[in-house]
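Student: File follows, coords.txt with compact mmCIF, C-alpha atoms:
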```txt
# COMPACT_ATOMS: atom_id res chain seq x y z
CA MET A 739 100.48 140.52 108.26
CA LYS A 740 99.30 136.90 108.07
CA TYR A 741 100.89 133.72 109.39
CA CYS A 742 100.14 130.07 108.72
CA ASP A 743 102.12 128.05 111.26
CA ARG A 744 102.38 124.23 111.32
CA SER A 745 105.32 124.01 113.70
CA THR A 746 103.18 122.44 116.46
CA SER A 747 103.61 119.06 114.75
CA ARG A 748 107.40 119.22 114.95
CA HIS A 749 107.55 117.82 118.49
CA TRP A 750 105.73 114.67 117.36
CA VAL A 751 108.00 114.35 114.31
CA ASP A 752 111.15 114.74 116.41
CA ASN A 753 110.00 112.05 118.82
CA ALA A 754 108.87 109.71 116.02
CA VAL A 755 112.26 109.86 114.30
CA ARG A 756 113.98 109.30 117.65
CA LEU A 757 111.86 106.21 118.35
CA ILE A 758 112.62 104.70 114.94
CA GLU A 759 116.34 105.43 115.18
CA ALA A 760 116.43 104.03 118.72
CA ASP A 761 114.82 100.84 117.44
CA ALA A 762 117.55 100.57 114.80
CA GLN A 763 120.25 101.05 117.45
CA ARG A 764 118.78 98.22 119.54
CA SER A 765 118.91 95.79 116.63
CA ALA A 766 122.38 94.49 115.81
CA ASP A 767 123.12 94.08 112.12
CA THR A 768 121.97 90.83 110.53
CA HIS A 769 124.41 87.94 110.21
CA LEU A 770 126.18 86.77 107.07
CA LEU A 771 125.97 82.97 107.01
CA ARG A 772 128.22 80.71 104.96
CA TYR A 773 126.28 78.08 103.02
CA PRO A 774 128.15 74.75 103.05
CA LEU A 775 129.72 73.89 99.69
CA PRO A 776 132.60 71.46 98.99
CA ARG A 777 135.91 73.16 99.78
CA GLU A 778 137.50 71.85 96.61
CA TRP A 779 135.08 73.87 94.49
CA GLY A 780 136.88 77.08 95.47
CA VAL A 781 133.57 78.96 95.52
CA GLN A 782 131.88 80.32 98.64
CA LEU A 783 128.19 81.12 99.00
CA TYR A 784 126.91 83.49 101.68
CA LEU A 785 123.40 84.20 102.95
CA LYS A 786 122.60 87.59 104.46
CA ASP A 787 120.18 86.47 107.17
CA GLU A 788 117.42 89.08 107.17
CA SER A 789 115.13 86.84 109.22
CA THR A 790 116.83 88.09 112.41
CA HIS A 791 115.22 91.54 112.18
CA PRO A 792 112.59 92.21 114.90
CA THR A 793 109.78 91.52 112.41
CA GLY A 794 111.51 88.52 110.87
CA SER A 795 112.22 89.58 107.30
CA LEU A 796 114.14 91.74 104.85
CA LYS A 797 111.13 94.09 104.76
CA HIS A 798 112.01 95.47 108.19
CA ARG A 799 114.70 97.62 106.54
CA LEU A 800 112.23 98.83 103.92
CA ALA A 801 109.51 99.65 106.45
CA ARG A 802 111.94 101.65 108.59
CA SER A 803 113.08 103.65 105.55
CA LEU A 804 109.53 104.24 104.31
CA PHE A 805 108.37 105.54 107.69
CA LEU A 806 111.33 107.89 108.03
CA TYR A 807 110.79 109.11 104.46
CA ALA A 808 107.08 109.75 104.98
CA ILE A 809 107.54 111.38 108.39
CA CYS A 810 110.34 113.68 107.22
CA ASN A 811 108.27 114.63 104.16
CA GLY A 812 105.40 115.62 106.45
CA TRP A 813 103.06 112.92 105.10
CA ILE A 814 102.71 111.13 108.43
CA THR A 815 102.11 112.95 111.68
CA ALA A 816 100.27 112.38 114.95
CA GLY A 817 97.05 110.43 114.41
CA THR A 818 97.68 109.56 110.75
CA THR A 819 96.19 106.25 109.63
CA VAL A 820 98.82 104.41 107.61
CA VAL A 821 97.63 102.22 104.72
CA GLU A 822 99.77 99.85 102.67
CA ALA A 823 99.28 97.44 99.79
CA SER A 824 101.32 94.34 100.55
CA SER A 825 101.60 90.60 100.03
CA GLY A 826 102.39 90.25 103.71
CA SER A 827 105.94 90.78 104.94
CA THR A 828 106.10 94.55 104.37
CA ALA A 829 102.77 94.89 106.13
CA ILE A 830 104.09 92.97 109.15
CA SER A 831 107.05 95.32 109.41
CA GLU A 832 105.02 98.48 108.81
CA ALA A 833 102.47 97.38 111.42
CA TYR A 834 105.38 97.09 113.87
CA PHE A 835 106.54 100.67 113.24
CA ALA A 836 102.98 102.02 113.28
CA LYS A 837 102.48 100.41 116.68
CA LEU A 838 105.78 101.88 117.87
CA LEU A 839 104.47 105.33 116.95
CA GLY A 840 100.91 104.80 118.20
CA LEU A 841 99.36 104.95 114.72
CA GLU A 842 96.55 102.93 113.19
CA PHE A 843 97.69 100.62 110.39
CA VAL A 844 95.64 98.95 107.65
CA ALA A 845 97.17 96.35 105.32
CA VAL A 846 95.48 95.73 101.97
CA VAL A 847 96.45 92.16 101.15
CA PRO A 848 95.43 89.45 98.67
CA ALA A 849 92.84 87.07 100.11
CA LYS A 850 95.24 84.13 99.58
CA THR A 851 97.98 85.59 101.78
CA SER A 852 99.24 82.90 104.17
CA PRO A 853 97.35 82.71 107.49
CA GLU A 854 100.68 82.88 109.31
CA LYS A 855 101.46 86.28 107.81
CA ILE A 856 97.97 87.59 108.55
CA ALA A 857 98.36 86.52 112.17
CA LEU A 858 101.69 88.33 112.37
CA ILE A 859 100.19 91.56 110.98
CA GLU A 860 97.39 91.41 113.52
CA ALA A 861 99.82 90.55 116.33
CA GLN A 862 101.53 93.88 115.63
CA GLY A 863 98.20 95.71 115.98
CA GLY A 864 97.50 96.00 112.25
CA ARG A 865 94.17 95.37 110.53
CA CYS A 866 93.90 93.40 107.28
CA HIS A 867 91.63 94.41 104.41
CA PHE A 868 91.33 91.61 101.83
CA VAL A 869 90.94 91.80 98.07
CA GLN A 870 90.08 88.84 95.84
CA ARG A 871 92.11 90.00 92.83
CA PRO A 872 95.72 90.83 93.79
CA PRO A 873 96.13 93.57 91.13
CA GLU A 874 93.39 95.54 92.93
CA ILE A 875 95.46 96.08 96.09
CA TYR A 876 96.84 99.38 94.75
CA THR A 877 93.53 101.12 93.99
CA GLU A 878 91.91 99.74 97.12
CA ALA A 879 94.75 101.09 99.29
CA VAL A 880 94.39 104.51 97.66
CA ARG A 881 90.64 104.44 98.31
CA LEU A 882 90.99 103.44 101.97
CA ALA A 883 93.64 106.09 102.64
CA ALA A 884 91.45 108.80 101.09
CA GLU A 885 88.40 107.58 102.97
CA SER A 886 90.18 107.68 106.33
CA GLY A 887 92.16 110.86 105.65
CA GLY A 888 95.27 108.76 106.11
CA HIS A 889 98.46 108.13 104.16
CA TYR A 890 99.01 105.42 101.55
CA MET A 891 102.63 104.38 102.07
CA ASP A 892 102.99 102.99 98.50
CA GLN A 893 106.08 100.84 98.91
CA PHE A 894 106.05 100.01 95.20
CA THR A 895 106.73 103.62 94.24
CA TYR A 896 108.88 104.87 97.10
CA ALA A 897 111.09 101.86 97.97
CA GLU A 898 113.93 102.89 95.66
CA ARG A 899 114.04 106.50 96.83
CA ALA A 900 113.43 106.03 100.57
CA THR A 901 116.69 104.12 101.13
CA ASP A 902 120.06 105.87 101.18
CA TRP A 903 121.87 103.74 98.57
CA ARG A 904 125.22 105.50 99.09
CA GLY A 905 125.70 103.98 102.53
CA ASN A 906 124.35 104.71 106.01
CA ASN A 907 124.31 100.99 106.89
CA ASN A 908 122.10 99.94 104.02
CA ILE A 909 122.11 96.24 103.14
CA ALA A 910 124.77 96.62 100.44
CA GLU A 911 127.22 98.46 102.68
CA SER A 912 126.62 95.90 105.41
CA ILE A 913 127.38 92.99 103.06
CA PHE A 914 130.69 94.43 101.91
CA GLN A 915 131.78 95.28 105.44
CA GLN A 916 131.07 91.73 106.55
CA MET A 917 132.91 90.23 103.56
CA VAL A 918 136.21 92.05 104.20
CA LEU A 919 138.05 89.09 105.81
CA GLU A 920 136.66 86.36 103.55
CA ASP A 921 138.68 84.46 100.94
CA HIS A 922 137.02 86.42 98.15
CA PRO A 923 135.88 89.69 99.78
CA VAL A 924 134.45 91.19 96.58
CA PRO A 925 131.70 88.83 95.38
CA GLU A 926 131.35 87.81 91.76
CA TRP A 927 127.59 88.20 92.11
CA VAL A 928 124.93 89.41 94.50
CA VAL A 929 121.63 87.60 93.90
CA VAL A 930 118.28 89.03 95.03
CA GLY A 931 114.62 88.82 94.14
CA ALA A 932 112.33 91.74 93.41
CA GLY A 933 109.07 92.61 95.12
CA THR A 934 109.11 96.36 95.12
CA GLY A 935 112.50 96.52 93.43
CA GLY A 936 113.91 98.60 96.27
CA THR A 937 116.58 96.10 97.36
CA SER A 938 117.91 95.52 93.86
CA ALA A 939 117.94 99.29 93.22
CA THR A 940 119.88 99.93 96.44
CA ILE A 941 122.45 97.20 95.78
CA GLY A 942 122.84 97.99 92.08
CA ARG A 943 123.41 101.68 92.75
CA TYR A 944 125.83 100.95 95.59
CA LEU A 945 127.93 98.62 93.41
CA ARG A 946 128.35 101.38 90.85
CA TYR A 947 128.94 104.11 93.42
CA ARG A 948 131.70 102.10 95.14
CA ARG A 949 133.07 100.88 91.77
CA HIS A 950 132.90 97.22 92.76
CA ALA A 951 133.30 94.63 89.99
CA THR A 952 130.43 92.65 91.55
CA ARG A 953 127.47 92.03 89.26
CA LEU A 954 123.83 92.03 90.30
CA ALA A 955 121.50 89.18 89.34
CA VAL A 956 117.76 89.44 89.99
CA VAL A 957 115.73 86.23 90.18
CA ASP A 958 112.05 86.29 89.29
CA PRO A 959 109.34 83.67 89.89
CA GLU A 960 106.60 82.47 87.56
CA ASN A 961 103.80 84.91 86.66
CA SER A 962 105.92 87.92 87.63
CA ALA A 963 106.35 90.86 85.25
CA PHE A 964 109.92 91.85 86.13
CA TYR A 965 111.64 89.31 83.87
CA GLY A 966 109.40 90.11 80.91
CA GLY A 967 109.86 93.83 81.44
CA TYR A 968 113.64 93.42 81.59
CA GLU A 969 113.73 91.20 78.51
CA THR A 970 111.57 93.51 76.39
CA GLY A 971 112.67 96.83 77.88
CA ASP A 972 109.01 97.63 78.57
CA ALA A 973 108.54 99.42 81.91
CA GLY A 974 104.78 99.01 81.51
CA TYR A 975 104.95 95.22 81.12
CA GLU A 976 102.19 93.34 82.97
CA THR A 977 101.15 89.74 83.49
CA GLY A 978 98.12 90.55 85.66
CA MET A 979 98.85 87.36 87.62
CA PRO A 980 99.82 86.88 91.27
CA SER A 981 103.06 85.26 92.38
CA ARG A 982 102.94 82.05 94.43
CA ILE A 983 106.31 82.94 95.93
CA GLU A 984 105.31 85.45 98.57
CA GLY A 985 107.41 88.58 98.97
CA ILE A 986 108.74 88.61 95.41
CA GLY A 987 107.19 88.78 91.95
CA ARG A 988 104.55 91.28 90.88
CA PRO A 989 101.76 91.37 88.26
CA ARG A 990 103.30 94.55 86.83
CA VAL A 991 106.73 96.16 86.70
CA GLU A 992 106.73 98.37 89.77
CA PRO A 993 108.00 101.98 89.65
CA SER A 994 110.80 101.18 92.14
CA PHE A 995 112.33 98.50 89.92
CA LEU A 996 115.33 99.95 88.08
CA ASP A 997 116.30 97.54 85.32
CA THR A 998 119.26 99.74 84.38
CA VAL A 999 121.23 98.65 87.48
CA VAL A 1000 120.58 94.91 86.97
CA ASP A 1001 123.26 92.90 85.14
CA ARG A 1002 121.26 89.71 84.66
CA MET A 1003 117.72 88.45 85.21
CA ILE A 1004 117.01 84.78 85.93
CA GLU A 1005 113.49 83.37 85.64
CA VAL A 1006 112.87 80.62 88.22
CA PRO A 1007 109.99 78.10 88.08
CA ASP A 1008 107.89 77.99 91.25
CA ALA A 1009 108.58 74.27 91.70
CA ALA A 1010 112.30 75.09 91.72
CA SER A 1011 111.82 77.78 94.37
CA VAL A 1012 109.91 75.39 96.62
CA ALA A 1013 112.37 72.55 96.10
CA ALA A 1014 115.35 74.83 96.83
CA CYS A 1015 113.81 76.26 100.01
CA ARG A 1016 113.17 72.72 101.27
CA VAL A 1017 116.70 71.54 100.49
CA ALA A 1018 118.21 74.66 102.09
CA SER A 1019 116.08 74.12 105.17
CA GLU A 1020 117.55 70.62 105.54
CA VAL A 1021 121.12 71.82 104.96
CA LEU A 1022 120.84 74.79 107.34
CA GLY A 1023 118.81 72.95 109.99
CA ARG A 1024 116.10 75.62 109.96
CA ARG A 1025 113.24 76.51 107.68
CA VAL A 1026 113.63 79.29 105.14
CA GLY A 1027 110.95 80.89 102.97
CA GLY A 1028 110.14 80.43 99.30
CA SER A 1029 111.83 83.64 98.17
CA THR A 1030 115.08 82.37 99.72
CA GLY A 1031 114.61 79.25 97.62
CA THR A 1032 114.30 81.42 94.51
CA ASN A 1033 117.49 83.26 95.46
CA LEU A 1034 119.37 80.02 96.01
CA TRP A 1035 118.24 78.49 92.72
CA GLY A 1036 119.72 81.50 90.93
CA ALA A 1037 122.89 81.42 93.06
CA PHE A 1038 123.40 77.70 92.40
CA ALA A 1039 123.03 78.31 88.66
CA LEU A 1040 125.73 80.99 88.78
CA ILE A 1041 128.02 78.77 90.86
CA GLY A 1042 127.58 75.99 88.30
CA GLU A 1043 128.56 78.49 85.60
CA MET A 1044 131.67 79.54 87.54
CA LEU A 1045 132.74 75.93 88.12
CA ALA A 1046 132.23 75.06 84.44
CA ASP A 1047 134.50 77.97 83.54
CA GLY A 1048 137.12 76.99 86.13
CA ARG A 1049 136.64 80.19 88.14
CA THR A 1050 136.79 80.65 91.90
CA GLY A 1051 135.13 83.41 93.92
CA SER A 1052 132.15 84.18 96.10
CA ILE A 1053 128.43 84.86 95.72
CA VAL A 1054 126.13 86.56 98.22
CA THR A 1055 122.38 86.19 98.36
CA LEU A 1056 119.64 86.83 100.93
CA LEU A 1057 117.86 84.67 103.46
CA CYS A 1058 114.74 86.82 103.22
CA ASP A 1059 112.62 85.33 105.99
CA GLY A 1060 112.07 82.20 108.03
CA GLY A 1061 110.02 79.30 106.75
CA ASP A 1062 107.77 78.83 109.78
CA ARG A 1063 105.29 81.35 108.37
CA TYR A 1064 104.92 79.04 105.32
CA ALA A 1065 104.25 75.80 107.21
CA GLY A 1066 100.84 75.56 105.53
CA THR A 1067 102.13 76.24 102.01
CA TYR A 1068 105.67 75.48 100.79
CA PHE A 1069 106.27 72.82 103.44
CA ASP A 1070 102.84 71.20 103.08
CA ASP A 1071 102.85 68.39 100.50
CA GLU A 1072 99.09 68.65 100.02
CA TRP A 1073 99.30 72.38 99.25
CA VAL A 1074 102.14 71.76 96.79
CA ALA A 1075 100.07 69.07 95.04
CA ARG A 1076 97.01 71.34 94.86
CA GLN A 1077 99.15 73.97 93.16
CA GLY A 1078 100.14 71.44 90.50
CA LEU A 1079 103.82 71.71 91.42
CA ASP A 1080 106.00 68.67 90.68
CA LEU A 1081 109.22 68.84 92.68
CA ALA A 1082 110.81 65.71 91.17
CA GLU A 1083 112.70 67.50 88.39
CA PRO A 1084 114.12 70.39 90.45
CA ASP A 1085 114.99 67.94 93.24
CA ALA A 1086 117.03 65.94 90.73
CA VAL A 1087 118.79 69.10 89.51
CA LEU A 1088 119.66 70.08 93.09
CA ALA A 1089 120.89 66.58 93.96
CA GLU A 1090 123.16 66.52 90.89
CA PHE A 1091 124.50 69.97 91.75
CA ARG A 1092 125.30 68.96 95.32
CA ARG A 1093 127.13 65.85 94.13
CA THR A 1094 129.10 67.26 91.22
CA GLY A 1095 128.78 71.04 90.98
CA ARG A 1096 127.22 70.64 87.52
CA TRP A 1097 124.09 72.70 86.91
CA ALA A 1098 121.39 71.23 84.68
CA GLY A 1099 118.57 73.59 85.64
```
Could I get this structure in the form of structure tokens?
Tutor:
Amino acid sequence: MKYCDRSTSRHWVDNAVRLIEADAQRSADTHLLRYPLPREWGVQLYLKDESTHPTGSLKHRLARSLFLYAICNGWITAGTTVVEASSGSTAISEAYFAKLLGLEFVAVVPAKTSPEKIALIEAQGGRCHFVQRPPEIYTEAVRLAAESGGHYMDQFTYAERATDWRGNNNIAESIFQQMVLEDHPVPEWVVVGAGTGGTSATIGRYLRYRRHATRLAVVDPENSAFYGGYETGDAGYETGMPSRIEGIGRPRVEPSFLDTVVDRMIEVPDAASVAACRVASEVLGRRVGGSTGTNLWGAFALIGEMLADGRTGSIVTLLCDGGDRYAGTYFDDEWVARQGLDLAEPDAVLAEFRRTGRWAG
């Protein structure tokens, strides 16, 4: 009689899951902020403030789910080197959880990733491995994981399946619980961007599962493949170009992006994203990131549509991360000029919207 027993690793797994769940228990749910709009419009806009997570962004939820998924699948155990391909924020959050579990973490990031994000990855004990061409982050992460005998987390494939979209305090369930006492508790729209596609997949599935009338709009920056893939129905659509709006936009349609649960896609110019994040930072009295600007540009467009139709209601979008980590990019006039971004036109659109509720974007 022969035996092949791997049960010795179960103690580490049990403790790892406990540590991650304990971390979740220590972190209160993120706040739902009301964005100031004129009362007479009859439309309310809410921001789910994901910057209050321990690692400062929406990606904290994703990283937690990915680690639990990989650990419970037996892909990560004691001593495993964790490797991820990331534009920055996911790597910050994954470095945090790797440190919590005493694991080595390597982030494969584009060379142009903001210095602030790189510093945050390293502050969590992670190591950055740079590539010059952003589309190469995938193959380089696979290579490094194989070379080290580690595990490539692959957020772009597993984001949509690692999260329990039916509930269990996912972001969609949290939003609807927090909206219960509002004037319009069931939003007309939820507006999100797509990086992996995991957030839009979770929210879109949840809306259908709970039979909410809410529609899902996904905003997409310049150079990203998600809008083109949605428009053409081509899951293999590629632009091969990096996004200047960190955290969202990809050079290819990622496996975790489910276009079948998206009701509308909105393509947003990068200048509009930057202008909107700056305006929102002034209104809110705190800096928000570029992806939040993209979300708000889409939300404002939908509000303008509702007002033009004489409809009242609510819209929810995400405050993805704080703007301090982009001090040298979106809030730096010299960087904006070097990128060839002219903010005059989107600034005028935003000013007109704030005055009148009319959307000319």
Student: Box in all listed atoms of stretch 933-941 of chain A, axis-aligned, with 3 Å more on each side; write out centre and edge lengths in Å to one decimal as AutoDock Vina command-line options.
Tutor:
```
--center_x 115.8 --center_y 96.3 --center_z 95.3 --size_x 19.4 --size_y 13.3 --size_z 10.1
```
Student: Could you list, as a compact mmCIF listing (two decimals) with C-alpha atoms, keeping the file's coordinate frame, every residue within 8 Å of stretch 999-1009 of chain A, counting only C-alpha atoms and ignoring same-chain residues fewer than 6 positions away?
Tutor:
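What landed in out36.txt:
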```txt
# COMPACT_ATOMS: atom_id res chain seq x y z
CA SER A 938 117.91 95.52 93.86
CA ALA A 939 117.94 99.29 93.22
CA GLY A 942 122.84 97.99 92.08
CA ARG A 943 123.41 101.68 92.75
CA ARG A 953 127.47 92.03 89.26
CA LEU A 954 123.83 92.03 90.30
CA ALA A 955 121.50 89.18 89.34
CA VAL A 956 117.76 89.44 89.99
CA VAL A 957 115.73 86.23 90.18
CA ASP A 958 112.05 86.29 89.29
CA PRO A 959 109.34 83.67 89.89
CA GLU A 960 106.60 82.47 87.56
CA TYR A 965 111.64 89.31 83.87
CA TYR A 968 113.64 93.42 81.59
CA ARG A 982 102.94 82.05 94.43
CA ILE A 983 106.31 82.94 95.93
CA THR A 1032 114.30 81.42 94.51
CA TRP A 1035 118.24 78.49 92.72
CA GLY A 1036 119.72 81.50 90.93
CA LEU A 1079 103.82 71.71 91.42
CA ASP A 1080 106.00 68.67 90.68
CA LEU A 1081 109.22 68.84 92.68
CA PRO A 1084 114.12 70.39 90.45
```
Student: Could you name the residues that touch A:Thr851 at 12 Å or less, counting all atoms listed in the file, but leaving out those on the same chain fewer than 5 positions away, as a list in words?
Tutor: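 The contact residues come out as Ser824, Ser825, Gly826, Ser827, Ala829, Ala845, Val846, Ile856, Ala857, Leu858, Ile859, Cys866, His867, Phe868, Val869, Gln870, Arg871, Pro872, Pro980, Ser981, Arg982, Ile983, Glu984, Gly985, Arg1063, Tyr1064, Gly1066 and Thr1067 of chain A.
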Student: I'd like the neighbourhood of stretch 757-759 of chain A as number ranges by chain, where a residue qualifies if any of its atoms comes within 12 Å (using all atoms listed in the file), though same-chain residues fewer than 4 positions away should be ignored.
Tutor: A: 750-753, 763-765, 798-799, 801-807, 809, 832, 834-840
Student: Using all atoms listed in the file, which residue out of A:Met979, A:Ala1098, A:Met739, A:Met891 lies closest to A:Ser962?
Tutor: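 The answer is A:Met979, which sits nearest to A:Ser962.
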Student: Taking the partial coordinates given, rebuild stretch 888-898 of chain A to contain all heavy atoms; return it as an mmCIF file, keeping the file's coordinate frame.
Tutor:
```cif
data_model
loop_
_atom_site.group_PDB
_atom_site.id
_atom_site.type_symbol
_atom_site.label_atom_id
_atom_site.label_comp_id
_atom_site.auth_asym_id
_atom_site.auth_seq_id
_atom_site.Cartn_x
_atom_site.Cartn_y
_atom_site.Cartn_z
ATOM 1 N N GLY A 888 93.954 109.257 105.723
ATOM 2 C CA GLY A 888 95.270 108.760 106.110
ATOM 3 C C GLY A 888 96.297 108.883 105.011
ATOM 4 O O GLY A 888 96.135 109.658 104.058
ATOM 5 N N HIS A 889 97.359 108.086 105.127
ATOM 6 C CA HIS A 889 98.460 108.130 104.160
ATOM 7 C C HIS A 889 98.702 106.745 103.579
ATOM 8 O O HIS A 889 98.890 105.771 104.319
ATOM 9 C CB HIS A 889 99.747 108.616 104.835
ATOM 10 C CG HIS A 889 100.944 108.521 103.939
ATOM 11 N ND1 HIS A 889 101.071 109.270 102.784
ATOM 12 C CD2 HIS A 889 102.081 107.747 104.020
ATOM 13 C CE1 HIS A 889 102.224 108.961 102.193
ATOM 14 N NE2 HIS A 889 102.839 108.054 102.915
ATOM 15 N N TYR A 890 98.665 106.651 102.246
ATOM 16 C CA TYR A 890 99.010 105.420 101.550
ATOM 17 C C TYR A 890 100.524 105.379 101.408
ATOM 18 O O TYR A 890 101.101 106.195 100.707
ATOM 19 C CB TYR A 890 98.303 105.393 100.195
ATOM 20 C CG TYR A 890 98.746 104.291 99.258
ATOM 21 C CD1 TYR A 890 99.114 103.024 99.725
ATOM 22 C CD2 TYR A 890 98.771 104.507 97.878
ATOM 23 C CE1 TYR A 890 99.512 102.024 98.856
ATOM 24 C CE2 TYR A 890 99.157 103.509 97.000
ATOM 25 C CZ TYR A 890 99.528 102.271 97.492
ATOM 26 O OH TYR A 890 99.922 101.279 96.621
ATOM 27 N N MET A 891 101.170 104.431 102.048
ATOM 28 C CA MET A 891 102.630 104.380 102.070
ATOM 29 C C MET A 891 103.225 104.119 100.685
ATOM 30 O O MET A 891 104.262 104.681 100.336
ATOM 31 C CB MET A 891 103.089 103.296 103.048
ATOM 32 C CG MET A 891 104.550 103.374 103.394
ATOM 33 S SD MET A 891 104.959 104.789 104.432
ATOM 34 C CE MET A 891 104.744 104.092 106.057
ATOM 35 N N ASP A 892 102.595 103.263 99.892
ATOM 36 C CA ASP A 892 102.990 102.990 98.500
ATOM 37 C C ASP A 892 104.435 102.546 98.385
ATOM 38 O O ASP A 892 105.270 103.196 97.747
ATOM 39 C CB ASP A 892 102.737 104.217 97.624
ATOM 40 C CG ASP A 892 102.787 103.879 96.128
ATOM 41 O OD1 ASP A 892 102.994 102.697 95.794
ATOM 42 O OD2 ASP A 892 102.629 104.800 95.322
ATOM 43 N N GLN A 893 104.719 101.392 98.962
ATOM 44 C CA GLN A 893 106.080 100.840 98.910
ATOM 45 C C GLN A 893 106.566 100.629 97.481
ATOM 46 O O GLN A 893 107.767 100.740 97.200
ATOM 47 C CB GLN A 893 106.118 99.498 99.650
ATOM 48 C CG GLN A 893 105.154 98.453 99.091
ATOM 49 C CD GLN A 893 105.391 97.072 99.651
ATOM 50 O OE1 GLN A 893 106.537 96.656 99.832
ATOM 51 N NE2 GLN A 893 104.313 96.343 99.942
ATOM 52 N N PHE A 894 105.651 100.352 96.565
ATOM 53 C CA PHE A 894 106.050 100.010 95.200
ATOM 54 C C PHE A 894 106.561 101.216 94.417
ATOM 55 O O PHE A 894 107.276 101.059 93.435
ATOM 56 C CB PHE A 894 104.871 99.360 94.469
ATOM 57 C CG PHE A 894 104.383 98.117 95.153
ATOM 58 C CD1 PHE A 894 103.171 98.108 95.838
ATOM 59 C CD2 PHE A 894 105.151 96.970 95.162
ATOM 60 C CE1 PHE A 894 102.727 96.971 96.491
ATOM 61 C CE2 PHE A 894 104.712 95.825 95.822
ATOM 62 C CZ PHE A 894 103.495 95.822 96.485
ATOM 63 N N THR A 895 106.207 102.404 94.863
ATOM 64 C CA THR A 895 106.730 103.620 94.240
ATOM 65 C C THR A 895 107.943 104.159 94.988
ATOM 66 O O THR A 895 108.932 104.581 94.377
ATOM 67 C CB THR A 895 105.644 104.707 94.183
ATOM 68 O OG1 THR A 895 104.587 104.262 93.323
ATOM 69 C CG2 THR A 895 106.203 106.026 93.658
ATOM 70 N N TYR A 896 107.885 104.135 96.322
ATOM 71 C CA TYR A 896 108.880 104.870 97.100
ATOM 72 C C TYR A 896 110.032 104.019 97.629
ATOM 73 O O TYR A 896 110.977 104.564 98.204
ATOM 74 C CB TYR A 896 108.187 105.587 98.262
ATOM 75 C CG TYR A 896 107.251 106.659 97.786
ATOM 76 C CD1 TYR A 896 105.868 106.500 97.870
ATOM 77 C CD2 TYR A 896 107.745 107.820 97.207
ATOM 78 C CE1 TYR A 896 104.999 107.482 97.404
ATOM 79 C CE2 TYR A 896 106.889 108.807 96.738
ATOM 80 C CZ TYR A 896 105.520 108.624 96.838
ATOM 81 O OH TYR A 896 104.674 109.599 96.362
ATOM 82 N N ALA A 897 110.015 102.709 97.423
ATOM 83 C CA ALA A 897 111.090 101.860 97.970
ATOM 84 C C ALA A 897 112.459 102.280 97.492
ATOM 85 O O ALA A 897 113.411 102.354 98.276
ATOM 86 C CB ALA A 897 110.832 100.400 97.598
ATOM 87 N N GLU A 898 112.599 102.582 96.205
ATOM 88 C CA GLU A 898 113.930 102.890 95.660
ATOM 89 C C GLU A 898 114.459 104.256 96.091
ATOM 90 O O GLU A 898 115.666 104.481 96.097
ATOM 91 C CB GLU A 898 113.937 102.768 94.130
ATOM 92 C CG GLU A 898 112.953 103.672 93.396
ATOM 93 C CD GLU A 898 113.537 105.035 93.046
ATOM 94 O OE1 GLU A 898 114.743 105.242 93.263
ATOM 95 O OE2 GLU A 898 112.767 105.888 92.582
#
```
